[in-house]
>>> print(open('start_24.txt').read())   # compact mmCIF, C-alpha atoms
# COMPACT_ATOMS: atom_id res chain seq x y z
CA MET A 1 84.48 -4.62 18.68
CA LYS A 2 85.13 -1.42 16.77
CA LYS A 3 86.08 -3.47 13.69
CA ILE A 4 82.82 -5.42 13.93
CA VAL A 5 80.71 -2.24 14.26
CA LEU A 6 82.60 -0.61 11.39
CA GLY A 7 82.06 -3.65 9.22
CA LEU A 8 78.35 -3.68 10.05
CA ILE A 9 78.04 0.01 9.12
CA VAL A 10 79.81 -0.59 5.81
CA PHE A 11 77.49 -3.54 5.10
CA MET A 12 74.38 -1.48 5.86
CA ILE A 13 75.54 1.39 3.66
CA SER A 14 76.29 -1.02 0.82
CA PHE A 15 72.86 -2.66 1.21
CA MET A 16 71.10 0.73 1.12
CA PHE A 17 73.08 1.75 -1.98
CA VAL A 18 72.16 -1.43 -3.85
CA SER A 19 68.52 -1.17 -2.78
CA CYS A 20 68.24 2.41 -3.97
CA ASN A 21 69.85 1.60 -7.33
CA ASP A 22 68.11 -1.74 -7.90
CA THR A 23 66.09 -1.67 -11.14
CA SER A 24 63.14 -4.00 -10.85
CA THR A 25 62.36 -6.11 -13.94
CA THR A 26 58.66 -6.30 -13.12
CA THR A 27 57.72 -3.37 -15.37
CA THR A 28 59.79 -4.74 -18.24
CA ASP A 29 58.23 -8.18 -17.92
CA ASP A 30 54.72 -6.73 -17.79
CA THR A 31 55.37 -4.60 -20.86
CA SER A 32 56.72 -7.59 -22.77
CA SER A 33 53.75 -9.68 -21.77
CA ASN A 34 51.30 -7.00 -22.84
CA THR A 35 53.07 -6.63 -26.18
CA GLU A 36 52.84 -10.34 -26.84
CA THR A 37 49.14 -10.46 -26.05
CA THR A 38 48.33 -7.48 -28.27
CA MET A 39 50.27 -8.79 -31.29
CA LYS A 40 48.05 -10.35 -33.97
CA GLU A 41 48.44 -14.10 -34.01
CA ILE A 42 48.81 -15.34 -37.59
CA ASN A 43 47.49 -18.79 -38.42
CA ASN A 44 49.04 -20.49 -41.43
CA LEU A 45 46.57 -22.08 -43.81
CA ARG A 46 47.33 -24.80 -46.30
CA ASP A 47 49.34 -23.52 -49.28
CA SER A 48 47.39 -22.59 -52.43
CA TYR A 49 48.65 -23.93 -55.77
CA TYR A 50 47.63 -22.84 -59.27
CA GLN A 51 48.72 -23.20 -62.87
CA TYR A 52 48.22 -20.48 -65.43
CA SER A 53 48.68 -20.30 -69.18
CA LYS A 54 50.37 -17.38 -70.87
CA ASN A 55 47.46 -17.60 -73.34
CA SER A 56 44.87 -16.96 -70.62
CA THR A 57 43.29 -13.60 -69.87
CA GLN A 58 40.97 -14.30 -66.91
CA ASN A 59 42.08 -13.53 -63.37
CA ILE A 60 42.87 -16.39 -61.03
CA LYS A 61 40.09 -16.67 -58.45
CA ILE A 62 41.17 -17.68 -54.94
CA LEU A 63 37.97 -19.53 -54.14
CA HIS A 64 38.45 -21.00 -50.68
CA LEU A 65 39.23 -17.91 -48.56
CA ASP A 66 37.02 -15.57 -46.55
CA ILE A 67 37.06 -11.98 -47.77
CA THR A 68 38.32 -9.35 -45.30
CA GLU A 69 39.18 -5.68 -45.72
CA ASP A 70 42.51 -5.90 -43.88
CA PHE A 71 44.42 -8.00 -46.40
CA TYR A 72 47.95 -7.44 -47.61
CA ILE A 73 50.62 -9.24 -49.62
CA THR A 74 54.31 -9.89 -49.04
CA ASN A 75 57.05 -11.60 -50.98
CA LEU A 76 58.82 -14.58 -49.46
CA ASP A 77 61.28 -12.23 -47.72
CA GLY A 78 58.46 -10.45 -45.91
CA ASP A 79 58.53 -7.23 -47.95
CA ILE A 80 55.03 -5.77 -48.38
CA LEU A 81 53.86 -5.53 -52.01
CA SER A 82 51.20 -3.29 -53.51
CA ASN A 83 47.71 -4.75 -53.22
CA ASP A 84 46.55 -2.72 -56.23
CA ASP A 85 49.22 -4.25 -58.47
CA ILE A 86 48.28 -7.84 -57.67
CA ILE A 87 44.80 -8.34 -56.24
CA VAL A 88 41.25 -7.43 -57.22
CA LYS A 89 38.74 -7.90 -54.39
CA ASN A 90 35.28 -8.82 -55.68
CA ASP A 91 33.29 -11.86 -54.57
CA TYR A 92 36.72 -13.49 -54.25
CA TYR A 93 40.29 -12.36 -54.10
CA GLU A 94 41.39 -12.38 -57.73
CA ILE A 95 45.02 -12.35 -58.90
CA LYS A 96 45.36 -10.06 -61.89
CA SER A 97 46.24 -11.69 -65.18
CA ASP A 98 48.25 -8.61 -66.23
CA TYR A 99 50.38 -8.94 -63.10
CA LEU A 100 51.12 -12.62 -63.71
CA LEU A 101 52.00 -12.16 -67.38
CA GLY A 102 53.99 -8.98 -66.79
CA LEU A 103 56.54 -10.50 -64.41
CA GLY A 104 58.33 -12.47 -67.12
CA VAL A 105 58.91 -15.50 -64.86
CA ASP A 106 57.32 -18.94 -64.77
CA ASP A 107 57.16 -19.45 -61.00
CA ILE A 108 55.43 -16.86 -58.81
CA ASP A 109 55.15 -17.12 -55.02
CA PHE A 110 53.86 -14.67 -52.43
CA TYR A 111 52.03 -14.64 -49.10
CA LEU A 112 48.48 -13.39 -48.77
CA TYR A 113 47.53 -12.18 -45.28
CA PHE A 114 43.88 -11.62 -44.38
CA GLY A 115 42.30 -11.34 -40.96
CA ASN A 116 44.39 -13.58 -38.71
CA TYR A 117 45.43 -15.92 -41.53
CA ARG A 118 48.20 -16.38 -44.04
CA THR A 119 48.45 -18.62 -47.09
CA LEU A 120 51.26 -19.14 -49.58
CA ILE A 121 50.08 -18.51 -53.14
CA SER A 122 52.19 -20.51 -55.59
CA ILE A 123 51.57 -20.17 -59.35
CA THR A 124 53.30 -21.99 -62.20
CA LEU A 125 53.00 -20.49 -65.69
CA ASN A 126 52.94 -22.57 -68.88
CA ASP A 127 52.15 -22.21 -72.60
CA LYS A 128 48.97 -24.32 -72.77
CA ASP A 129 46.50 -23.45 -75.50
CA GLU A 130 44.02 -26.24 -74.75
CA PRO A 131 41.55 -26.29 -71.82
CA TYR A 132 42.98 -26.92 -68.36
CA MET A 133 42.15 -26.52 -64.67
CA ILE A 134 43.58 -23.36 -63.11
CA SER A 135 42.84 -24.45 -59.53
CA SER A 136 44.73 -27.28 -57.90
CA ALA A 137 43.10 -30.64 -58.62
CA ILE A 138 43.70 -31.60 -54.97
CA ALA A 139 41.45 -30.00 -52.35
CA TYR A 140 40.82 -30.34 -48.63
CA THR A 141 37.55 -29.46 -46.91
CA ASP A 142 35.49 -30.34 -43.85
CA GLY A 143 32.34 -30.50 -45.98
CA THR A 144 30.58 -27.51 -44.39
CA LYS A 145 31.02 -25.20 -47.41
CA ASP A 146 30.62 -25.50 -51.16
CA LEU A 147 33.90 -26.35 -52.88
CA MET A 148 34.81 -24.51 -56.07
CA PHE A 149 37.27 -25.06 -58.92
CA GLN A 150 38.25 -22.79 -61.80
CA PHE A 151 38.80 -23.95 -65.37
CA GLU A 152 40.26 -22.25 -68.42
CA ILE A 153 38.23 -23.65 -71.31
CA PHE A 154 39.21 -21.13 -74.03
CA ASP A 155 36.72 -21.86 -76.86
CA GLY A 156 35.76 -25.27 -75.48
CA ILE A 157 33.24 -26.63 -73.00
CA VAL A 158 33.22 -28.66 -69.81
CA SER A 159 31.61 -31.78 -71.25
CA GLN A 160 31.63 -34.07 -68.23
CA ILE A 161 31.66 -33.95 -64.42
CA SER A 162 31.10 -37.42 -62.99
CA ASN A 163 31.78 -40.28 -60.62
CA ALA A 164 29.75 -43.25 -59.41
CA SER A 165 27.74 -41.25 -56.85
CA LEU A 166 27.60 -37.70 -58.29
CA THR A 167 24.32 -36.51 -59.81
CA SER A 168 23.54 -33.32 -61.71
CA SER A 169 21.95 -31.85 -58.57
CA ASP A 170 25.20 -32.25 -56.60
CA TYR A 171 27.14 -29.63 -58.56
CA GLU A 172 26.78 -26.44 -60.57
CA LEU A 173 28.75 -25.31 -63.59
CA ASN A 174 28.78 -21.61 -64.42
CA ASP A 175 31.16 -20.54 -67.19
CA ASN A 176 34.61 -21.49 -65.89
CA LEU A 177 33.56 -22.27 -62.31
CA LEU A 178 32.61 -25.70 -60.98
CA THR A 179 30.86 -25.82 -57.60
CA ILE A 180 30.58 -29.10 -55.69
CA LYS A 181 27.76 -28.63 -53.20
CA LYS A 182 28.41 -28.98 -49.49
CA GLU A 183 25.44 -31.31 -49.02
CA TYR A 184 27.05 -33.85 -51.33
CA LEU A 185 30.43 -33.50 -49.62
CA ASP A 186 28.88 -33.92 -46.17
CA ASP A 187 26.97 -37.05 -47.21
CA MET A 188 30.05 -38.58 -48.82
CA PHE A 189 32.25 -37.88 -45.82
CA ASP A 190 29.93 -40.05 -43.75
CA ILE A 191 31.27 -43.04 -45.67
CA THR A 192 34.70 -42.00 -46.98
CA ASP A 193 37.50 -39.49 -46.39
CA GLU A 194 38.37 -39.18 -50.10
CA ILE A 195 36.22 -38.27 -53.10
CA SER A 196 37.40 -38.52 -56.71
CA ILE A 197 35.58 -36.69 -59.52
CA ASN A 198 36.32 -37.03 -63.23
CA TYR A 199 36.12 -34.09 -65.60
CA ALA A 200 36.38 -33.72 -69.37
CA LEU A 201 37.15 -30.48 -71.20
CA ASP A 202 36.27 -30.55 -74.88
CA ALA A 203 37.77 -28.21 -77.49
CA ASP A 204 39.90 -29.11 -80.53
CA SER A 205 41.06 -32.00 -78.39
CA LEU A 206 39.58 -33.76 -75.36
CA VAL A 207 41.27 -33.13 -72.00
CA ILE A 208 40.43 -35.61 -69.23
CA GLY A 209 41.36 -35.00 -65.61
CA LEU A 210 40.68 -36.04 -62.03
CA ILE A 211 39.80 -33.98 -58.95
CA ASN A 212 40.69 -35.47 -55.56
CA ILE A 213 38.89 -34.08 -52.52
CA TYR A 214 40.07 -35.05 -49.05
CA ARG A 215 38.26 -34.65 -45.77
CA GLU A 216 39.98 -32.02 -43.64
CA LEU A 217 40.38 -33.55 -40.20
CA SER A 218 40.54 -31.19 -37.22
>>> encode(input="start_24.txt", output="structure tokens")
Amino acid sequence: MKKIVLGLIVFMISFMFVSCNDTSTTTTDDTSSNTETTMKEINNLRDSYYQYSKNSTQNIKILHLDITEDFYITNLDGDILSNDDIIVKNDYYEIKSDYLLGLGVDDIDFYLYFGNYRTLISITLNDKDEPYMISSAIAYTDGTKDLMFQFEIFDGIVSQISNASLTSSDYELNDNLLTIKKEYLDDMFDITDEISINYALDADSLVIGLINIYRELS
């Protein structure tokens, strides 16, 4: 009987010791949960591709992004780069020509963060001295906004923008920028998920190209 009572006392003391020294994980879990909910969620957008001639001087215009004040740039390793060295923020984010030409490399990649979004900017340099399209010739859109493309025409002109359905009222051409109006895109997406547009750039030689626009499905 004494052994049983002694054992019970030892058990109760041990239980009280563990209870007093037990560290609840509730606070830790709550803190972790709160941290996760307060972290900014970054949404990855489709990658942005450009080509750029070493004979060009205009900045590359990133035409399909919303402009926010809280933007920043990182390299592919996540190291933050200087905004002032790379980007000019006007009506669009513009990548400085001096920055591109000063790196001494032909392939340039970095991430642009703005708001809750991130896009990979990928630029390939070349030695072209005839007109070309700076923007990617492949674009995706839901048709609710105007779609824009940037040319480098040097001393030439954009002599043709056409397809079987496009009229002169469906687009605008201002200097190096082509705007395909959202009304045209919306109407076309009622009957097709892909739109092809021909362009011709005329200088010392004639450069003919094709723009492919795909409906962005949610």
>>> residues_near_point(input="start_24.txt", point="(34.8, -34.9, -61.0)", cutoff="12 Å", atoms="all atoms listed in the file", output="ChimeraX atom specification")
/A:133,137-139,147-149,158-168,170-173,178-180,195-201,208-213
>>> closest_residue(input="start_24.txt", among="A:Tyr140, A:Phe71, A:Tyr99, A:Tyr92", to="Tyr113 of chain A", atoms="only C-alpha atoms")
A:Phe71
>>> closest_residue(input="start_24.txt", among="A:Glu41, A:Asp107, A:Asp79, A:Ser97", to="Asn126 of chain A", atoms="all atoms listed in the file")
A:Asp107
>>> atom_distance(input="start_24.txt", atom1="atom CA of Ile73 of chain A", atom2="atom CA of Asn174 of chain A")
29.1 Å
>>> atom_distance(input="start_24.txt", atom1="atom CA of Glu69 of chain A", atom2="atom CA of Asn43 of chain A")
17.2 Å
>>> atom_distance(input="start_24.txt", atom1="atom CA of Tyr49 of chain A", atom2="atom CA of Glu183 of chain A")
25.3 Å
>>> residues_around(input="start_24.txt", residues="Ile157 of chain A", least_positions_apart="3", cutoff="8 Å", atoms="all atoms listed in the file", output="PyMOL selection string")
chain A and resi 153+201-203
>>> write_last_selection(input="start_24.txt", atoms="C-alpha atoms", output="mmCIF file, in the frame of the given file")
data_model
loop_
_atom_site.group_PDB
_atom_site.id
_atom_site.type_symbol
_atom_site.label_atom_id
_atom_site.label_comp_id
_atom_site.auth_asym_id
_atom_site.auth_seq_id
_atom_site.Cartn_x
_atom_site.Cartn_y
_atom_site.Cartn_z
ATOM 1 C CA ILE A 153 38.230 -23.650 -71.310
ATOM 2 C CA LEU A 201 37.150 -30.480 -71.200
ATOM 3 C CA ASP A 202 36.270 -30.550 -74.880
ATOM 4 C CA ALA A 203 37.770 -28.210 -77.490
#
>>> residues_around(input="start_24.txt", residues="Glu216 of chain A", least_positions_apart="4", cutoff="10 Å", atoms="only C-alpha atoms", output="list in words")
Ala139, Tyr140, Thr141, Asp142, Gly143, Phe189, Asp193 and Glu194 of chain A
>>> write_last_selection(input="start_24.txt", atoms="C-alpha atoms", output="PDB file, keeping the file's coordinate frame")
ATOM      1  CA  ALA A 139      41.450 -30.000 -52.350  1.00  0.00           C
ATOM      2  CA  TYR A 140      40.820 -30.340 -48.630  1.00  0.00           C
ATOM      3  CA  THR A 141      37.550 -29.460 -46.910  1.00  0.00           C
ATOM      4  CA  ASP A 142      35.490 -30.340 -43.850  1.00  0.00           C
ATOM      5  CA  GLY A 143      32.340 -30.500 -45.980  1.00  0.00           C
ATOM      6  CA  PHE A 189      32.250 -37.880 -45.820  1.00  0.00           C
ATOM      7  CA  ASP A 193      37.500 -39.490 -46.390  1.00  0.00           C
ATOM      8  CA  GLU A 194      38.370 -39.180 -50.100  1.00  0.00           C
TER       9      GLU A 194
END
>>> residues_near_point(input="start_24.txt", point="(53.4, -6.2, -55.2)", cutoff="12 Å", atoms="only C-alpha atoms", output="ChimeraX atom specification")
/A:72-76,78-87,95-96,99-100,102-103,108-112
>>> closest_residue(input="start_24.txt", among="A:Glu130, A:Asn116, A:Ser56, A:Ile121", to="Asp98 of chain A", atoms="all atoms listed in the file")
A:Ser56
>>> closest_residue(input="start_24.txt", among="A:Leu217, A:Gln51, A:Asp91, A:Leu45", to="Leu125 of chain A", atoms="only C-alpha atoms")
A:Gln51
